[in-house]
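Novice: Here it is, the structure in full.
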There are 2 protein chains.
Amino acid sequence: MAPVFPWTPSGLVSPDSPGAVLQLVRTAHASSRSEIARLTGISATTAATRVQALLDHGYLEEAGEGVSLGGRRPRQVRLRTTGGVVAAADLGGSHAALALFDLGGRLLVDRSASLRVQDGPESVLGWVHGQLAEMLDGLEGPAPLRAVTVGVPGPVDAQAGRVVTPARMPGWHGVDVRALLGRLVDVPVLVENDANLMAVGEYAATPEPGSHLVFLKAGSGIGCGVVIDGHLHRGARGAAGDISHASVGTDSDVPCSCGRIGCLDAVASGAAVTRDAAAAGLPVTDTTDVLRLAADGEPVSAQLLRSAGRATGEVLASVLNFFNPDTLVLGGRLSQAEPYVAGLRAVVYERCLPLATDALQVTVTRAGPLAGVIGGAHLALEHLFEPTRVNATVGSGAAGPATAS
Amino acid sequence: MAPVFPWTPSGLVSPDSPGAVLQLVRTAHASSRSEIARLTGISATTAATRVQALLDHGYLEEAGEGVSLGGRRPRQVRLRTTGGVVAAADLGGSHAALALFDLGGRLLVDRSASLRVQDGPESVLGWVHGQLAEMLDGLEGPAPLRAVTVGVPGPVDAQAGRVVTPARMPGWHGVDVRALLGRLVDVPVLVENDANLMAVGEYAATPEPGSHLVFLKAGSGIGCGVVIDGHLHRGARGAAGDISHASVGTDSDVPCSCGRIGCLDAVASGAAVTRDAAAAGLPVTDTTDVLRLAADGEPVSAQLLRSAGRATGEVLASVLNFFNPDTLVLGGRLSQAEPYVAGLRAVVYERCLPLATDALQVTVTRAGPLAGVIGGAHLALEHLFEPTRVNATVGSGAAGPATAS
DNA sequence: TTGACATACTCCAGAAATTGGACTTACCTC
DNA sequence: GAGGTAAGTCCAATTTCTGGAGTATGTCAA
């Protein structure tokens, strides 16, 4: 008999590194010393020691006693959420949402404001910084800013923190948002596509490890965000999630911005629906008008929205068959229109394979307009607390909580 | 100023667990003690101790001396590949490929044979076991079998090791391949879809961590395998990669097996091409005939293959835009036909967005007919050496190298 | 009420792992 | 050769982890 391995390299199986204790508490998987010992396999003594270290350094705080499981009640601990805040800014074509969150991911304040993208990156990011500073000043217990996430409506090189060819933000191509804003705030700055942020925001609402989520942002443009196994999928060039130029079977001959005919974006986007509604003689100038008419029971607008939903569903069906996610979340302004959602759902269930739909949940966004900033906060906190990738130097470069402004 | 964290939980940043040493050597990232110390950040003493333990237990072996970097030559170590073998079986509709690999992933023997699926799971898996036993007997230095991967042409519940609704293997629905084969071989058994295995096999040829790969298997049916960030993406129900029922713009009215019209499978699969070729009066009975005619310069068959490639490219373009991989690998028998590949490439580059194609490599499979078993070996070795998921009880359940037959 | 038993946690001494520095080996360059 | 450098070993000091004893505080059932 050839040699066998009677010995397994220790540490190969269970990830019980010291930092894992913080993760367990942060993700609500454990809340007492004994629970940590059980889950990680480390001894009770070690668990207590590590918890104490985290308490001493302000990562955790005592949280009273839990319920007895037949013996002494456990002394619970939780993340100390007052040790700082993270900020997220979700920039749109003409509008921005800004918010502050505590270290537990709880929303502290948010505001939204109209934005003048055309003023250029320096001006806009300066404005963002001013808004954030105001919000920070307004907090009750002042806490240091730890990280900022900026969402922009276009492709992003998240590694470098740069904007790439944004269709809806002329003048921003190649702009190093990380450097520009990092100079002002002096904390790590993450830059991300807005649909990606929304996807993460929805995932954060019910974070099931190992689950896959596709988020559809159907507004004046159409885009997707993809979360795979709990991690944002950006693709090779940060361009993942683009379905706007998939071709749909249509008799429309309106040319798309990409030069082709029959692209989803030219047929089923908010802009396209508005254009078609206006052409049909309805008194509309933007997507909101169409949504209002449809909500009031105006049939032509409802019909247009339903068609847009069906066209989008057609494209999504291919995506869902290919990608087989657990969840499809519909967001963006069009997802507020019932005919749109109904049309989309009908086609998805008609066109998808049984295996693709039997586990699939199709829901309308719960986080709503805050999905983007919630996702931004999630990424910022992940960056602060789980800097697993050693080479991921972001912003001020510090791995984990470090000096902040 | 609110409290800041001057202390970072140790172990939060660098993954330097004892088992990491084995991974570094296995993945060819390190080959000497000093290199391991440098890469992991552990002291030279510790690195030497761990290497010695791995040597003592047969995981590693000495491998002579390397080149000097200005001082003493490093004493190299490498994975001890003779400590066992892994097996992979790639079952097709009527054909099977079987192979044995050493623990370094090197192919030792392979054979292919015709298969009678209709004999049923017990019979077929018994036959597989017999073939593997024969091959094991034929090895020079007899080594114990450590794990087996079985690829089947249909959806799979990899977690449970079961086959799910396989279109091309009637009688196999719900069959617990892991249990059936595990009873015979008494080592961990992995079950996986064949296109998935091929994707992993191609990835294994040039394993770049963080890269995304889509593998197209275009044979008598059409399927994809997806590797995300080095990990196989199975989807929620193990059904990821299915593009056979995406609809393509065509004037064909041949109904698909799913009951609809215009599905890719009904238009561009090997079976569809053969059908159309026969209908055009060509003397063909299967895909091989068509490929041969086209290779001989027969224009109608070439034209049909080109159209099939174009239709497939149309569907893939959507997938590539959405998914933004680094690599698209074309495999399956149709990928051997130049007109098919040319048609596919043309449409992909025409229909994809610049961001989706500027980083994209479109290549024809290098691993060829062995891609499936190579992928199977890769998964088996990954299971043996990287059992990071604690709950992943597979086969005989042991995590890491353990008792074997 | 009371005893039996369980869980949660702490304390402490022994065991194990890790480290830094001294030391050896062995190569390169000049 | 001499000096410099990298690779690796040896060893004592240090740090970390563990298991068992002991304490605190519950549940449960008679």
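Residues are named by chain letter and number: chains run A, B, ... in the order of the structure tokens, numbers start at 1 in each chain, and ligands are numbered from 1 in the order shown.
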Please list as a VMD selection string every residue within 8 Å of range 8-15 of chain D, counting only C-alpha atoms (C1' of nucleotides) and excluding residues in the same chain fewer than 5 positions away.
Specialist: chain C and resid 18 to 19 23 to 25
Novice: Suppose we keep C-alpha atoms (C1' of nucleotides); can you now write the selection as an mmCIF file, in the first residue's frame?
Specialist:
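The result, stored in part_31.cif:
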```cif
data_model
loop_
_atom_site.group_PDB
_atom_site.id
_atom_site.type_symbol
_atom_site.label_atom_id
_atom_site.label_comp_id
_atom_site.auth_asym_id
_atom_site.auth_seq_id
_atom_site.Cartn_x
_atom_site.Cartn_y
_atom_site.Cartn_z
ATOM 1 C "C1'" DT C 18 6.581 31.553 16.677
ATOM 2 C "C1'" DT C 19 10.220 34.693 16.681
ATOM 3 C "C1'" DC C 23 25.641 30.951 13.368
ATOM 4 C "C1'" DT C 24 26.729 27.952 9.268
ATOM 5 C "C1'" DT C 25 26.711 27.036 4.465
#
```
Novice: Listing only residues of chain D within 7 Å of chain B, what is the closest atom pair and its distance in Å (to one decimal) for each, using only C-alpha atoms (C1' of nucleotides), sorted by chain and residue number ascending, as a tab-separated table?
Specialist:
```
residue	atom	partner	partner_atom	distance
D:DT5	C1'	B:Gly71	CA	5.2
D:DA6	C1'	B:Gly71	CA	3.9
D:DA7	C1'	B:Arg72	CA	5.3
```
Novice: Output as a PyMOL selection string all residues of range 155-372 of chain B that backbone DSSP marks as alpha helix (DSSP H).
Specialist: chain B and resi 177-185+194-205+264-268+270-279+287-295+299-323+338-351+354-357+371-372
Novice: Give me, as a PDB file with N, CA, C and O atoms (P, O5', C5', C4', C3', O3' and C1' of nucleotides), in the first residue's frame, the contact residues of chain C against chain A at a cut-off of 7 Å, counting only C-alpha atoms (C1' of nucleotides).
Specialist:
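For reference, part_17.pdb as written:
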```
ATOM      1  P    DA C   6     -25.576  17.298  32.387  1.00  0.00           P
ATOM      2  O5'  DA C   6     -25.626  18.695  31.625  1.00  0.00           O
ATOM      3  C5'  DA C   6     -26.874  19.272  31.319  1.00  0.00           C
ATOM      4  C4'  DA C   6     -26.719  20.767  31.132  1.00  0.00           C
ATOM      5  C3'  DA C   6     -25.442  21.154  30.384  1.00  0.00           C
ATOM      6  O3'  DA C   6     -25.783  21.738  29.136  1.00  0.00           O
ATOM      7  C1'  DA C   6     -25.773  22.508  32.327  1.00  0.00           C
ATOM      8  P    DT C   7     -24.633  22.093  28.124  1.00  0.00           P
ATOM      9  O5'  DT C   7     -24.533  23.683  28.294  1.00  0.00           O
ATOM     10  C5'  DT C   7     -25.708  24.478  28.295  1.00  0.00           C
ATOM     11  C4'  DT C   7     -25.361  25.872  28.761  1.00  0.00           C
ATOM     12  C3'  DT C   7     -24.186  26.498  27.999  1.00  0.00           C
ATOM     13  O3'  DT C   7     -24.560  27.797  27.569  1.00  0.00           O
ATOM     14  C1'  DT C   7     -23.851  26.656  30.329  1.00  0.00           C
ATOM     15  P    DA C   8     -23.589  28.679  26.722  1.00  0.00           P
ATOM     16  O5'  DA C   8     -22.842  29.544  27.836  1.00  0.00           O
ATOM     17  C5'  DA C   8     -23.583  30.499  28.578  1.00  0.00           C
ATOM     18  C4'  DA C   8     -22.638  31.364  29.386  1.00  0.00           C
ATOM     19  C3'  DA C   8     -21.417  31.847  28.605  1.00  0.00           C
ATOM     20  O3'  DA C   8     -21.268  33.236  28.849  1.00  0.00           O
ATOM     21  C1'  DA C   8     -20.741  30.735  30.593  1.00  0.00           C
TER      22       DA C   8
END
```
Novice: Which residues are near DT18 in chain D? Cut-off 9 Å, only C-alpha atoms (C1' of nucleotides), ignore same chain within fewer than 2 positions. Put them as a PyMOL selection string.
Specialist: (chain A and resi 42-43+45-46) or (chain C and resi 14-16)
